[in-house]
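Chemist: For reference, the structure I am asking about is given below.
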Amino acid sequence: MDTPRIDGHTRVIAHLGHPTHSFRAPLIYNPWFAASGTNAVVVPLDCPAGALETLLPPLMAAPNVLGALITMPHKRGVVALLDEVSRTARVAGACNAVKRTADGRLIGDMFDGEGFVRGVQGKGLVLSGASALVVGSGGVGSAIAASLAAAGATRLALFDTNGAASAALRERLLAAYPALEVRTGARDPAGFDLVVNATPLGMEPGDPLPLDVDRLEPRSLVGEVVMRERVTAFLSAAQARGCRVQVGTDMLFEQIPAYLEFFGLPVATPGRLRELAALDRPPAAP
């Protein structure tokens with residue numbers, strides 16, 4: 001893998017979250033920057049809960065900082081620190097990308113849902129008029145629901161063990177998309193074109209499945225956000241039911257071109273990003 005060039009002209013994208021040991025984005029962006037000759041670098045910065053308000057404003061004031069990738073636990077809290085957010089971020093109630101405009105304003109957007117949507121569309125699912133069940137109404141689930149609505153889905157079912165989270169997401173969706181049909185409180189996957197696990201279930205061995213897989217219909221496309229394993233227990237069960245699936249890393253690779261557009265950097269295809277990514281390579285010797 002080529003090494004990204006770092007000098008006095010390098011444009012920096014900070015990757016803010018906690019803990020940093022789980023961050024994968026630098027292993028995808030930086031090989032692309034090196035291969036394309038883009039003088040930019042993604043740098044992980046450990047930002048524990050409660051530290052974002054102190055760290056973000058002075059960081060974004062540095063002229064060579066293009067912006068920041070925002071991950072847990074800050075996707076929701078960062079919204080209050082910004083001057084403007086996209087409609088998708090407003091509906092999601094969360095943001096995972098921030099950039100500074102020429103006049104110093106901070107603009108935010110949310111690309112988790114965009115990546116997920118691009119992935120399922122690439123697998124042939126037509127979202128205009130489609131129905132979807134999204135289990136999990138946290139940051140990523142809210143983003144996926146918002147992007148599904150933007151892509152033309154007409155019927156959404158939302159479920160979260162925290163019913164208030166699903167209810168609040170429903171209100172935000174209806175405020176932006178009044179004609180959308182949105183139900184909450186149930187996670188029966190029967191009858192949906194798309195079924196999404198947007199919860200952390202599957203991160204740990206022995207986690208329960210997010211829904212009753214015996215109710216999955218073979219016609220449904222089943223998507224996952226967990227990236228610990230390529231094919232999680234949930235996706236394996238869906239495949240056994242005859243369903244097409246989308247693995248968690250598809251969302252990651254599909255959203256990065258949208259990020260690159262947002263930051264005004266050369267754009268790669270998801271396939272090229274996969275070819276170059278250092279995710280499965282051992283670290284270089286010191």
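Lettering and numbering for the structure tokens are positional, with chains as A, B, ... in the shown order, residues counted from 1 in each chain, and ligands counted from 1 in the shown order.
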Excluding A:Glu53 and its own-chain neighbours fewer than 6 positions away, which residues fall within 9 Å of it when counting only C-alpha atoms? Please give them as a short mmCIF file (atom, residue, chain, number, x, y, z; two decimals) with C-alpha atoms, in the first residue's frame.

Modeler:
data_model
loop_
_atom_site.label_atom_id
_atom_site.label_comp_id
_atom_site.auth_asym_id
_atom_site.auth_seq_id
_atom_site.Cartn_x
_atom_site.Cartn_y
_atom_site.Cartn_z
CA GLY A 77 -24.69 15.80 19.97
CA VAL A 78 -22.76 17.39 17.10
CA LEU A 81 -22.78 22.71 17.33
#

Chemist: Give me the residues near A:Val182 as a tab-separated table (two decimals) with N, CA, C and O atoms, in the first residue's frame, where near means some atom within 7 Å (using only C-alpha atoms) and where sequence neighbours in that chain fewer than 2 positions away do not count.

Modeler:
chain	number	residue	atom	x	y	z
A	155	ARG	N	-43.83	3.28	2.67
A	155	ARG	CA	-44.32	2.68	3.91
A	155	ARG	C	-43.14	2.22	4.75
A	155	ARG	O	-42.35	1.38	4.30
A	156	LEU	N	-43.03	2.76	5.95
A	156	LEU	CA	-41.96	2.40	6.87
A	156	LEU	C	-42.54	1.91	8.18
A	156	LEU	O	-43.52	2.47	8.69
A	157	ALA	N	-41.93	0.88	8.73
A	157	ALA	CA	-42.22	0.43	10.09
A	157	ALA	C	-40.95	0.59	10.90
A	157	ALA	O	-39.87	0.17	10.46
A	170	ARG	N	-40.55	8.95	14.04
A	170	ARG	CA	-41.77	9.01	13.24
A	170	ARG	C	-42.22	10.45	13.04
A	170	ARG	O	-42.57	10.86	11.92
A	180	LEU	N	-45.89	10.09	3.81
A	180	LEU	CA	-45.28	8.80	4.16
A	180	LEU	C	-46.14	8.08	5.20
A	180	LEU	O	-46.64	8.69	6.14
A	184	THR	N	-45.08	2.36	14.17
A	184	THR	CA	-44.09	2.04	15.18
A	184	THR	C	-44.62	0.92	16.08
A	184	THR	O	-45.82	0.65	16.11

Chemist: Under the rule that only C-alpha atoms are counted, which of A:Gln246, A:Thr232, A:Gln239, A:Ser131 is the nearest residue to A:Leu216?

Modeler: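 Using only C-alpha atoms, A:Leu216 sits closest to A:Gln239.
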
Chemist: If we count only C-alpha atoms, what is near stretch 101-110 of chain A at a cut-off of 10 Å, once residues fewer than 5 positions away on the same chain are taken out, given as an MDAnalysis selection string?

Modeler: chainID A and resid 57 60:61 63 66:70 75 78:79 81:96 115 139:140 143:144 146:147 255 258:259 262

Chemist: For N, CA and C atoms, I'd like the residues from the last selection saved as a JSON list (two decimals), in the first residue's frame.

Modeler:
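Written out: result-v6.json:
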[["chain", "number", "residue", "atom", "x", "y", "z"],
["A", 57, "PRO", "N", -14.78, 23.15, 17.80],
["A", 57, "PRO", "CA", -14.64, 24.52, 17.27],
["A", 57, "PRO", "C", -13.21, 24.94, 16.96],
["A", 60, "MET", "N", -11.85, 22.93, 13.88],
["A", 60, "MET", "CA", -12.39, 23.35, 12.59],
["A", 60, "MET", "C", -11.91, 24.74, 12.18],
["A", 61, "ALA", "N", -11.30, 25.47, 13.09],
["A", 61, "ALA", "CA", -10.75, 26.79, 12.77],
["A", 61, "ALA", "C", -9.41, 26.71, 12.06],
["A", 63, "PRO", "N", -7.00, 26.27, 9.17],
["A", 63, "PRO", "CA", -7.26, 26.41, 7.73],
["A", 63, "PRO", "C", -7.04, 25.15, 6.91],
["A", 66, "LEU", "N", -10.15, 20.22, 6.51],
["A", 66, "LEU", "CA", -11.30, 20.24, 5.62],
["A", 66, "LEU", "C", -12.60, 20.02, 6.38],
["A", 67, "GLY", "N", -12.53, 19.19, 7.40],
["A", 67, "GLY", "CA", -13.72, 18.87, 8.14],
["A", 67, "GLY", "C", -13.49, 17.67, 9.03],
["A", 68, "ALA", "N", -14.58, 16.99, 9.37],
["A", 68, "ALA", "CA", -14.48, 15.88, 10.31],
["A", 68, "ALA", "C", -15.50, 14.80, 9.98],
["A", 69, "LEU", "N", -15.08, 13.56, 10.18],
["A", 69, "LEU", "CA", -15.99, 12.43, 10.22],
["A", 69, "LEU", "C", -16.41, 12.28, 11.68],
["A", 70, "ILE", "N", -17.69, 12.13, 11.92],
["A", 70, "ILE", "CA", -18.21, 12.06, 13.28],
["A", 70, "ILE", "C", -18.80, 10.68, 13.52],
["A", 75, "LYS", "N", -22.72, 11.45, 17.15],
["A", 75, "LYS", "CA", -23.52, 11.70, 15.96],
["A", 75, "LYS", "C", -24.74, 12.57, 16.26],
["A", 78, "VAL", "N", -23.44, 16.42, 17.97],
["A", 78, "VAL", "CA", -22.76, 17.39, 17.10],
["A", 78, "VAL", "C", -23.74, 18.32, 16.41],
["A", 79, "VAL", "N", -24.99, 17.89, 16.23],
["A", 79, "VAL", "CA", -25.96, 18.71, 15.49],
["A", 79, "VAL", "C", -26.11, 20.09, 16.12],
["A", 81, "LEU", "N", -23.98, 21.88, 17.49],
["A", 81, "LEU", "CA", -22.78, 22.71, 17.33],
["A", 81, "LEU", "C", -22.65, 23.28, 15.93],
["A", 82, "LEU", "N", -23.59, 22.97, 15.04],
["A", 82, "LEU", "CA", -23.46, 23.32, 13.63],
["A", 82, "LEU", "C", -24.36, 24.49, 13.26],
["A", 83, "ASP", "N", -23.96, 25.19, 12.20],
["A", 83, "ASP", "CA", -24.75, 26.31, 11.70],
["A", 83, "ASP", "C", -25.87, 25.85, 10.77],
["A", 84, "GLU", "N", -25.67, 24.72, 10.11],
["A", 84, "GLU", "CA", -26.65, 24.24, 9.15],
["A", 84, "GLU", "C", -26.50, 22.74, 8.99],
["A", 85, "VAL", "N", -27.62, 22.02, 8.84],
["A", 85, "VAL", "CA", -27.56, 20.59, 8.54],
["A", 85, "VAL", "C", -28.50, 20.29, 7.38],
["A", 86, "SER", "N", -28.23, 19.20, 6.68],
["A", 86, "SER", "CA", -29.07, 18.78, 5.56],
["A", 86, "SER", "C", -30.42, 18.28, 6.07],
["A", 87, "ARG", "N", -31.38, 18.14, 5.15],
["A", 87, "ARG", "CA", -32.68, 17.61, 5.54],
["A", 87, "ARG", "C", -32.53, 16.20, 6.09],
["A", 88, "THR", "N", -31.68, 15.39, 5.48],
["A", 88, "THR", "CA", -31.49, 14.02, 5.96],
["A", 88, "THR", "C", -30.96, 14.02, 7.38],
["A", 89, "ALA", "N", -29.99, 14.86, 7.67],
["A", 89, "ALA", "CA", -29.45, 14.93, 9.02],
["A", 89, "ALA", "C", -30.49, 15.45, 10.00],
["A", 90, "ARG", "N", -31.31, 16.39, 9.55],
["A", 90, "ARG", "CA", -32.35, 16.94, 10.43],
["A", 90, "ARG", "C", -33.37, 15.86, 10.76],
["A", 91, "VAL", "N", -33.80, 15.08, 9.77],
["A", 91, "VAL", "CA", -34.76, 14.01, 10.03],
["A", 91, "VAL", "C", -34.14, 12.93, 10.90],
["A", 92, "ALA", "N", -32.89, 12.57, 10.61],
["A", 92, "ALA", "CA", -32.20, 11.55, 11.39],
["A", 92, "ALA", "C", -31.93, 12.01, 12.81],
["A", 93, "GLY", "N", -31.82, 13.32, 13.00],
["A", 93, "GLY", "CA", -31.45, 13.83, 14.31],
["A", 93, "GLY", "C", -30.01, 13.55, 14.63],
["A", 94, "ALA", "N", -29.21, 13.31, 13.59],
["A", 94, "ALA", "CA", -27.81, 12.94, 13.78],
["A", 94, "ALA", "C", -27.01, 13.34, 12.55],
["A", 95, "CYS", "N", -25.71, 13.39, 12.72],
["A", 95, "CYS", "CA", -24.81, 13.88, 11.67],
["A", 95, "CYS", "C", -23.51, 13.11, 11.76],
["A", 96, "ASN", "N", -22.93, 12.74, 10.60],
["A", 96, "ASN", "CA", -21.64, 12.05, 10.66],
["A", 96, "ASN", "C", -20.57, 12.68, 9.76],
["A", 115, "GLY", "N", -25.36, 5.61, 2.22],
["A", 115, "GLY", "CA", -24.57, 4.44, 1.88],
["A", 115, "GLY", "C", -25.42, 3.18, 1.84],
["A", 139, "GLY", "N", -28.89, 6.41, 15.93],
["A", 139, "GLY", "CA", -28.31, 7.25, 14.88],
["A", 139, "GLY", "C", -28.33, 6.61, 13.51],
["A", 140, "VAL", "N", -27.87, 5.36, 13.41],
["A", 140, "VAL", "CA", -27.79, 4.73, 12.09],
["A", 140, "VAL", "C", -29.18, 4.34, 11.59],
["A", 143, "ALA", "N", -30.91, 7.41, 10.35],
["A", 143, "ALA", "CA", -30.34, 7.84, 9.06],
["A", 143, "ALA", "C", -30.84, 6.98, 7.92],
["A", 144, "ILE", "N", -30.93, 5.67, 8.14],
["A", 144, "ILE", "CA", -31.43, 4.78, 7.09],
["A", 144, "ILE", "C", -32.89, 5.09, 6.79],
["A", 146, "ALA", "N", -34.46, 7.92, 7.19],
["A", 146, "ALA", "CA", -34.52, 9.21, 6.50],
["A", 146, "ALA", "C", -34.14, 9.07, 5.04],
["A", 147, "SER", "N", -33.11, 8.30, 4.75],
["A", 147, "SER", "CA", -32.67, 8.14, 3.36],
["A", 147, "SER", "C", -33.64, 7.29, 2.56],
["A", 255, "GLN", "N", -21.06, 4.61, 1.12],
["A", 255, "GLN", "CA", -21.24, 5.99, 1.55],
["A", 255, "GLN", "C", -19.99, 6.84, 1.34],
["A", 258, "ALA", "N", -20.00, 9.46, -1.39],
["A", 258, "ALA", "CA", -20.80, 10.63, -1.02],
["A", 258, "ALA", "C", -20.02, 11.54, -0.08],
["A", 259, "TYR", "N", -19.28, 10.97, 0.84],
["A", 259, "TYR", "CA", -18.40, 11.76, 1.72],
["A", 259, "TYR", "C", -17.39, 12.55, 0.89],
["A", 262, "PHE", "N", -18.87, 15.46, -0.70],
["A", 262, "PHE", "CA", -19.16, 16.46, 0.33],
["A", 262, "PHE", "C", -17.93, 17.31, 0.64]]

Chemist: So which bits of stretch 49-89 of chain A end up alpha helix (DSSP H) when you DSSP the backbone, as JSON, numbers by chain?

Modeler: {"A": [52, 53, 54, 55, 56, 57, 58, 59, 60, 87, 88, 89]}

Chemist: Smallest atom-to-atom distance to A:Thr10: which of A:Ala25, A:Arg215, A:Asn64, A:Ala49, using only C-alpha atoms?

Modeler: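 Nearest candidate to A:Thr10 out of A:Ala25, A:Arg215, A:Asn64, A:Ala49: A:Asn64.
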
Chemist: Just want the 8 Å neighbourhood of stretch 134-137 of chain A, counted on only C-alpha atoms, with same-chain residues fewer than 2 positions away dropped. Output as an MDAnalysis selection string.

Modeler: chainID A and resid 132 139:142 144:145 156:161 165:166 169 187 195:199 210

Chemist: Given the selection you just returned, output its residues as a file containing N, CA, C and O atoms, formatted as a PDB file, in the first residue's frame.

Modeler:
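Output saved as part29.pdb:
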ATOM      1  N   ALA A 132     -40.489  -0.863   4.023  1.00  0.00           N
ATOM      2  CA  ALA A 132     -39.307  -1.290   4.760  1.00  0.00           C
ATOM      3  C   ALA A 132     -39.588  -1.329   6.254  1.00  0.00           C
ATOM      4  O   ALA A 132     -40.305  -0.477   6.796  1.00  0.00           O
ATOM      5  N   GLY A 139     -28.888   6.412  15.925  1.00  0.00           N
ATOM      6  CA  GLY A 139     -28.307   7.247  14.880  1.00  0.00           C
ATOM      7  C   GLY A 139     -28.328   6.605  13.512  1.00  0.00           C
ATOM      8  O   GLY A 139     -28.789   7.210  12.536  1.00  0.00           O
ATOM      9  N   VAL A 140     -27.871   5.357  13.410  1.00  0.00           N
ATOM     10  CA  VAL A 140     -27.791   4.731  12.090  1.00  0.00           C
ATOM     11  C   VAL A 140     -29.177   4.337  11.588  1.00  0.00           C
ATOM     12  O   VAL A 140     -29.498   4.505  10.406  1.00  0.00           O
ATOM     13  N   GLY A 141     -30.044   3.825  12.462  1.00  0.00           N
ATOM     14  CA  GLY A 141     -31.391   3.470  12.046  1.00  0.00           C
ATOM     15  C   GLY A 141     -32.186   4.681  11.592  1.00  0.00           C
ATOM     16  O   GLY A 141     -32.918   4.624  10.599  1.00  0.00           O
ATOM     17  N   SER A 142     -32.025   5.790  12.314  1.00  0.00           N
ATOM     18  CA  SER A 142     -32.708   7.024  11.930  1.00  0.00           C
ATOM     19  C   SER A 142     -32.214   7.515  10.574  1.00  0.00           C
ATOM     20  O   SER A 142     -33.000   7.989   9.744  1.00  0.00           O
ATOM     21  N   ILE A 144     -30.933   5.673   8.137  1.00  0.00           N
ATOM     22  CA  ILE A 144     -31.428   4.782   7.088  1.00  0.00           C
ATOM     23  C   ILE A 144     -32.890   5.088   6.790  1.00  0.00           C
ATOM     24  O   ILE A 144     -33.296   5.186   5.620  1.00  0.00           O
ATOM     25  N   ALA A 145     -33.692   5.288   7.821  1.00  0.00           N
ATOM     26  CA  ALA A 145     -35.103   5.612   7.602  1.00  0.00           C
ATOM     27  C   ALA A 145     -35.242   6.923   6.834  1.00  0.00           C
ATOM     28  O   ALA A 145     -36.070   7.032   5.911  1.00  0.00           O
ATOM     29  N   LEU A 156     -43.032   2.764   5.954  1.00  0.00           N
ATOM     30  CA  LEU A 156     -41.960   2.399   6.867  1.00  0.00           C
ATOM     31  C   LEU A 156     -42.543   1.909   8.183  1.00  0.00           C
ATOM     32  O   LEU A 156     -43.525   2.468   8.687  1.00  0.00           O
ATOM     33  N   ALA A 157     -41.929   0.877   8.730  1.00  0.00           N
ATOM     34  CA  ALA A 157     -42.218   0.427  10.089  1.00  0.00           C
ATOM     35  C   ALA A 157     -40.948   0.588  10.898  1.00  0.00           C
ATOM     36  O   ALA A 157     -39.866   0.175  10.457  1.00  0.00           O
ATOM     37  N   LEU A 158     -41.075   1.184  12.070  1.00  0.00           N
ATOM     38  CA  LEU A 158     -39.932   1.459  12.936  1.00  0.00           C
ATOM     39  C   LEU A 158     -40.109   0.715  14.245  1.00  0.00           C
ATOM     40  O   LEU A 158     -41.200   0.719  14.830  1.00  0.00           O
ATOM     41  N   PHE A 159     -39.019   0.104  14.720  1.00  0.00           N
ATOM     42  CA  PHE A 159     -39.078  -0.549  16.023  1.00  0.00           C
ATOM     43  C   PHE A 159     -37.790  -0.273  16.781  1.00  0.00           C
ATOM     44  O   PHE A 159     -36.691  -0.330  16.218  1.00  0.00           O
ATOM     45  N   ASP A 160     -37.952   0.026  18.053  1.00  0.00           N
ATOM     46  CA  ASP A 160     -36.812   0.153  18.947  1.00  0.00           C
ATOM     47  C   ASP A 160     -37.283  -0.252  20.338  1.00  0.00           C
ATOM     48  O   ASP A 160     -38.438  -0.006  20.697  1.00  0.00           O
ATOM     49  N   THR A 161     -36.400  -0.866  21.104  1.00  0.00           N
ATOM     50  CA  THR A 161     -36.778  -1.220  22.474  1.00  0.00           C
ATOM     51  C   THR A 161     -37.085   0.030  23.291  1.00  0.00           C
ATOM     52  O   THR A 161     -37.822  -0.036  24.277  1.00  0.00           O
ATOM     53  N   ALA A 165     -37.861   6.612  21.186  1.00  0.00           N
ATOM     54  CA  ALA A 165     -36.951   6.918  20.070  1.00  0.00           C
ATOM     55  C   ALA A 165     -37.657   6.708  18.734  1.00  0.00           C
ATOM     56  O   ALA A 165     -37.538   7.528  17.816  1.00  0.00           O
ATOM     57  N   SER A 166     -38.395   5.613  18.616  1.00  0.00           N
ATOM     58  CA  SER A 166     -39.135   5.361  17.375  1.00  0.00           C
ATOM     59  C   SER A 166     -40.236   6.392  17.166  1.00  0.00           C
ATOM     60  O   SER A 166     -40.462   6.858  16.039  1.00  0.00           O
ATOM     61  N   LEU A 169     -38.667   9.632  15.980  1.00  0.00           N
ATOM     62  CA  LEU A 169     -38.245   9.505  14.587  1.00  0.00           C
ATOM     63  C   LEU A 169     -39.461   9.580  13.663  1.00  0.00           C
ATOM     64  O   LEU A 169     -39.411  10.224  12.603  1.00  0.00           O
ATOM     65  N   ARG A 187     -42.176  -5.389  15.108  1.00  0.00           N
ATOM     66  CA  ARG A 187     -41.028  -5.781  14.279  1.00  0.00           C
ATOM     67  C   ARG A 187     -41.258  -7.086  13.519  1.00  0.00           C
ATOM     68  O   ARG A 187     -40.316  -7.838  13.246  1.00  0.00           O
ATOM     69  N   VAL A 195     -35.909  -5.343   4.882  1.00  0.00           N
ATOM     70  CA  VAL A 195     -35.860  -5.520   6.335  1.00  0.00           C
ATOM     71  C   VAL A 195     -34.443  -5.202   6.787  1.00  0.00           C
ATOM     72  O   VAL A 195     -33.473  -5.739   6.239  1.00  0.00           O
ATOM     73  N   VAL A 196     -34.324  -4.321   7.776  1.00  0.00           N
ATOM     74  CA  VAL A 196     -33.006  -3.805   8.174  1.00  0.00           C
ATOM     75  C   VAL A 196     -32.764  -4.023   9.665  1.00  0.00           C
ATOM     76  O   VAL A 196     -33.599  -3.636  10.498  1.00  0.00           O
ATOM     77  N   ASN A 197     -31.629  -4.619  10.003  1.00  0.00           N
ATOM     78  CA  ASN A 197     -31.156  -4.608  11.389  1.00  0.00           C
ATOM     79  C   ASN A 197     -30.239  -3.406  11.562  1.00  0.00           C
ATOM     80  O   ASN A 197     -29.113  -3.404  11.081  1.00  0.00           O
ATOM     81  N   ALA A 198     -30.738  -2.383  12.253  1.00  0.00           N
ATOM     82  CA  ALA A 198     -29.936  -1.189  12.531  1.00  0.00           C
ATOM     83  C   ALA A 198     -29.642  -1.087  14.019  1.00  0.00           C
ATOM     84  O   ALA A 198     -29.503   0.009  14.562  1.00  0.00           O
ATOM     85  N   THR A 199     -29.532  -2.240  14.676  1.00  0.00           N
ATOM     86  CA  THR A 199     -29.186  -2.305  16.097  1.00  0.00           C
ATOM     87  C   THR A 199     -27.781  -2.880  16.241  1.00  0.00           C
ATOM     88  O   THR A 199     -27.219  -3.419  15.285  1.00  0.00           O
ATOM     89  N   PRO A 210     -32.332  -9.856  15.995  1.00  0.00           N
ATOM     90  CA  PRO A 210     -33.125  -8.639  16.197  1.00  0.00           C
ATOM     91  C   PRO A 210     -34.619  -8.809  15.936  1.00  0.00           C
ATOM     92  O   PRO A 210     -35.407  -7.936  16.316  1.00  0.00           O
TER      93      PRO A 210
END

Chemist: From stretch 23-258 of chain A, collect each residue whose DSSP state is strand (DSSP E or B) and return the set as a short mmCIF file (atom, residue, chain, number, x, y, z; two decimals) with N, CA and C atoms, in the first residue's frame.

Modeler:
data_model
loop_
_atom_site.label_atom_id
_atom_site.label_comp_id
_atom_site.auth_asym_id
_atom_site.auth_seq_id
_atom_site.Cartn_x
_atom_site.Cartn_y
_atom_site.Cartn_z
N ALA A 40 -4.30 14.55 1.01
CA ALA A 40 -5.24 14.62 2.12
C ALA A 40 -5.03 13.39 2.99
N VAL A 41 -5.49 13.48 4.24
CA VAL A 41 -5.33 12.35 5.16
C VAL A 41 -6.46 12.38 6.18
N VAL A 42 -6.93 11.19 6.53
CA VAL A 42 -7.89 11.05 7.63
C VAL A 42 -7.13 10.63 8.87
N VAL A 43 -7.32 11.39 9.95
CA VAL A 43 -6.58 11.17 11.19
C VAL A 43 -7.55 10.87 12.33
N PRO A 44 -7.46 9.70 12.96
CA PRO A 44 -8.32 9.41 14.11
C PRO A 44 -7.92 10.27 15.31
N LEU A 45 -8.91 10.88 15.95
CA LEU A 45 -8.69 11.63 17.18
C LEU A 45 -9.66 11.12 18.23
N ASP A 46 -9.13 10.62 19.34
CA ASP A 46 -9.98 10.09 20.40
C ASP A 46 -10.72 11.23 21.08
N VAL A 65 -7.74 22.10 7.90
CA VAL A 65 -8.70 21.07 8.26
C VAL A 65 -9.93 21.22 7.37
N LEU A 66 -10.15 20.22 6.51
CA LEU A 66 -11.30 20.24 5.62
C LEU A 66 -12.60 20.02 6.38
N GLY A 67 -12.53 19.19 7.40
CA GLY A 67 -13.72 18.87 8.14
C GLY A 67 -13.49 17.67 9.03
N ALA A 68 -14.58 16.99 9.37
CA ALA A 68 -14.48 15.88 10.31
C ALA A 68 -15.50 14.80 9.98
N LEU A 69 -15.08 13.56 10.18
CA LEU A 69 -15.99 12.43 10.22
C LEU A 69 -16.41 12.28 11.68
N ILE A 70 -17.69 12.13 11.92
CA ILE A 70 -18.21 12.06 13.28
C ILE A 70 -18.80 10.68 13.52
N GLU A 84 -25.67 24.72 10.11
CA GLU A 84 -26.65 24.24 9.15
C GLU A 84 -26.50 22.74 8.99
N VAL A 85 -27.62 22.02 8.84
CA VAL A 85 -27.56 20.59 8.54
C VAL A 85 -28.50 20.29 7.38
N ALA A 97 -20.84 13.89 9.26
CA ALA A 97 -19.83 14.61 8.47
C ALA A 97 -20.01 16.10 8.67
N VAL A 98 -18.91 16.79 8.89
CA VAL A 98 -18.93 18.24 9.10
C VAL A 98 -17.86 18.88 8.23
N LYS A 99 -18.19 19.99 7.58
CA LYS A 99 -17.19 20.76 6.84
C LYS A 99 -17.36 22.24 7.14
N ARG A 100 -16.29 22.98 6.89
CA ARG A 100 -16.31 24.43 7.10
C ARG A 100 -16.42 25.13 5.75
N LEU A 106 -20.19 26.09 9.84
CA LEU A 106 -20.05 24.64 9.92
C LEU A 106 -21.33 23.99 9.40
N ILE A 107 -21.15 23.12 8.39
CA ILE A 107 -22.26 22.46 7.70
C ILE A 107 -22.18 20.97 7.98
N GLY A 108 -23.31 20.35 8.29
CA GLY A 108 -23.31 18.92 8.59
C GLY A 108 -24.23 18.13 7.69
N ASP A 109 -23.89 16.87 7.47
CA ASP A 109 -24.73 15.97 6.70
C ASP A 109 -24.61 14.57 7.30
N SER A 131 -41.66 -0.71 0.64
CA SER A 131 -41.93 -0.77 2.07
C SER A 131 -40.70 -1.31 2.79
N ALA A 132 -40.49 -0.86 4.02
CA ALA A 132 -39.31 -1.29 4.76
C ALA A 132 -39.59 -1.33 6.25
N LEU A 133 -39.01 -2.32 6.91
CA LEU A 133 -38.97 -2.41 8.37
C LEU A 133 -37.56 -2.09 8.81
N VAL A 134 -37.41 -1.09 9.69
CA VAL A 134 -36.10 -0.71 10.22
C VAL A 134 -36.13 -0.96 11.72
N VAL A 135 -35.35 -1.94 12.17
CA VAL A 135 -35.28 -2.26 13.60
C VAL A 135 -34.08 -1.53 14.18
N ARG A 155 -43.83 3.28 2.67
CA ARG A 155 -44.32 2.68 3.91
C ARG A 155 -43.14 2.22 4.75
N LEU A 156 -43.03 2.76 5.95
CA LEU A 156 -41.96 2.40 6.87
C LEU A 156 -42.54 1.91 8.18
N ALA A 157 -41.93 0.88 8.73
CA ALA A 157 -42.22 0.43 10.09
C ALA A 157 -40.95 0.59 10.90
N LEU A 158 -41.08 1.18 12.07
CA LEU A 158 -39.93 1.46 12.94
C LEU A 158 -40.11 0.71 14.25
N PHE A 159 -39.02 0.10 14.72
CA PHE A 159 -39.08 -0.55 16.02
C PHE A 159 -37.79 -0.27 16.78
N GLU A 181 -46.29 6.77 5.03
CA GLU A 181 -46.96 5.95 6.04
C GLU A 181 -45.90 5.41 6.99
N VAL A 182 -46.02 5.72 8.27
CA VAL A 182 -45.02 5.30 9.25
C VAL A 182 -45.72 4.66 10.45
N ARG A 183 -45.38 3.42 10.74
CA ARG A 183 -45.90 2.72 11.92
C ARG A 183 -44.76 2.46 12.89
N THR A 184 -45.08 2.36 14.17
CA THR A 184 -44.09 2.04 15.18
C THR A 184 -44.62 0.92 16.08
N LEU A 194 -38.03 -4.62 2.18
CA LEU A 194 -36.70 -4.46 2.77
C LEU A 194 -36.82 -4.59 4.28
N VAL A 195 -35.91 -5.34 4.88
CA VAL A 195 -35.86 -5.52 6.34
C VAL A 195 -34.44 -5.20 6.79
N VAL A 196 -34.32 -4.32 7.78
CA VAL A 196 -33.01 -3.81 8.17
C VAL A 196 -32.76 -4.02 9.67
N ASN A 197 -31.63 -4.62 10.00
CA ASN A 197 -31.16 -4.61 11.39
C ASN A 197 -30.24 -3.41 11.56
N LEU A 221 -35.40 -8.25 0.73
CA LEU A 221 -33.96 -8.03 0.82
C LEU A 221 -33.68 -7.67 2.27
N VAL A 222 -32.69 -8.30 2.87
CA VAL A 222 -32.39 -8.12 4.29
C VAL A 222 -31.03 -7.47 4.43
N GLY A 223 -30.99 -6.35 5.16
CA GLY A 223 -29.75 -5.60 5.32
C GLY A 223 -29.29 -5.55 6.76
N GLU A 224 -28.00 -5.36 6.91
CA GLU A 224 -27.33 -5.38 8.21
C GLU A 224 -26.42 -4.18 8.33
N ARG A 244 -32.22 -12.39 -0.28
CA ARG A 244 -31.00 -11.69 -0.65
C ARG A 244 -30.56 -10.84 0.53
N VAL A 245 -29.25 -10.60 0.66
CA VAL A 245 -28.78 -9.86 1.83
C VAL A 245 -27.79 -8.77 1.42
N GLN A 246 -27.67 -7.80 2.31
CA GLN A 246 -26.64 -6.77 2.19
C GLN A 246 -25.83 -6.77 3.48
#

Chemist: What does the structure give for the distance between atom CA of A:Gly264 and atom CA of A:Ala277, in Å to one decimal?

Modeler: 20.5 Å

Chemist: Between atom CA of A:Asp193 and atom CA of A:Leu173, what is the distance in Å, rounded to a tenth?

Modeler: 19.2 Å

Chemist: Contacts of A:Phe234 at 8 Å or less, counting only C-alpha atoms, minus same-chain residues fewer than 2 places along, as a PyMOL selection string?

Modeler: chain A and resi 202+209-210+213+231-232+236-238

Chemist: I need the chosen residues saved as an mmCIF file, in the first residue's frame, with C-alpha atoms.

Modeler:
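Final output, again-v4.cif:
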data_model
loop_
_atom_site.group_PDB
_atom_site.id
_atom_site.type_symbol
_atom_site.label_atom_id
_atom_site.label_comp_id
_atom_site.auth_asym_id
_atom_site.auth_seq_id
_atom_site.Cartn_x
_atom_site.Cartn_y
_atom_site.Cartn_z
ATOM 1 C CA GLY A 202 -24.712 -9.263 16.343
ATOM 2 C CA LEU A 209 -31.437 -12.021 16.691
ATOM 3 C CA PRO A 210 -33.125 -8.639 16.197
ATOM 4 C CA VAL A 213 -36.429 -14.704 11.235
ATOM 5 C CA VAL A 231 -22.136 -12.552 7.321
ATOM 6 C CA THR A 232 -23.693 -12.171 10.741
ATOM 7 C CA SER A 236 -27.079 -16.246 7.692
ATOM 8 C CA ALA A 237 -30.594 -16.960 8.970
ATOM 9 C CA ALA A 238 -32.042 -14.665 6.294
#

Chemist: Kindly give the distance, in Å, that separates atom CA of A:His21 and atom CA of A:Leu211, rounded to a single decimal.

Modeler: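 Computing the Euclidean distance for atom CA of A:His21 and atom CA of A:Leu211 yields 29.5 Å.
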
Chemist: Using only C-alpha atoms, which protein or nucleic acid residues come within 8 Å of A:Ser128? Drop anything in the same chain fewer than 2 positions from it, and give the result as a list in words.

Modeler: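 My reading of the contact set: Val126, Ala130, Ala151, Gly152, Ala153 and Thr154 of chain A.
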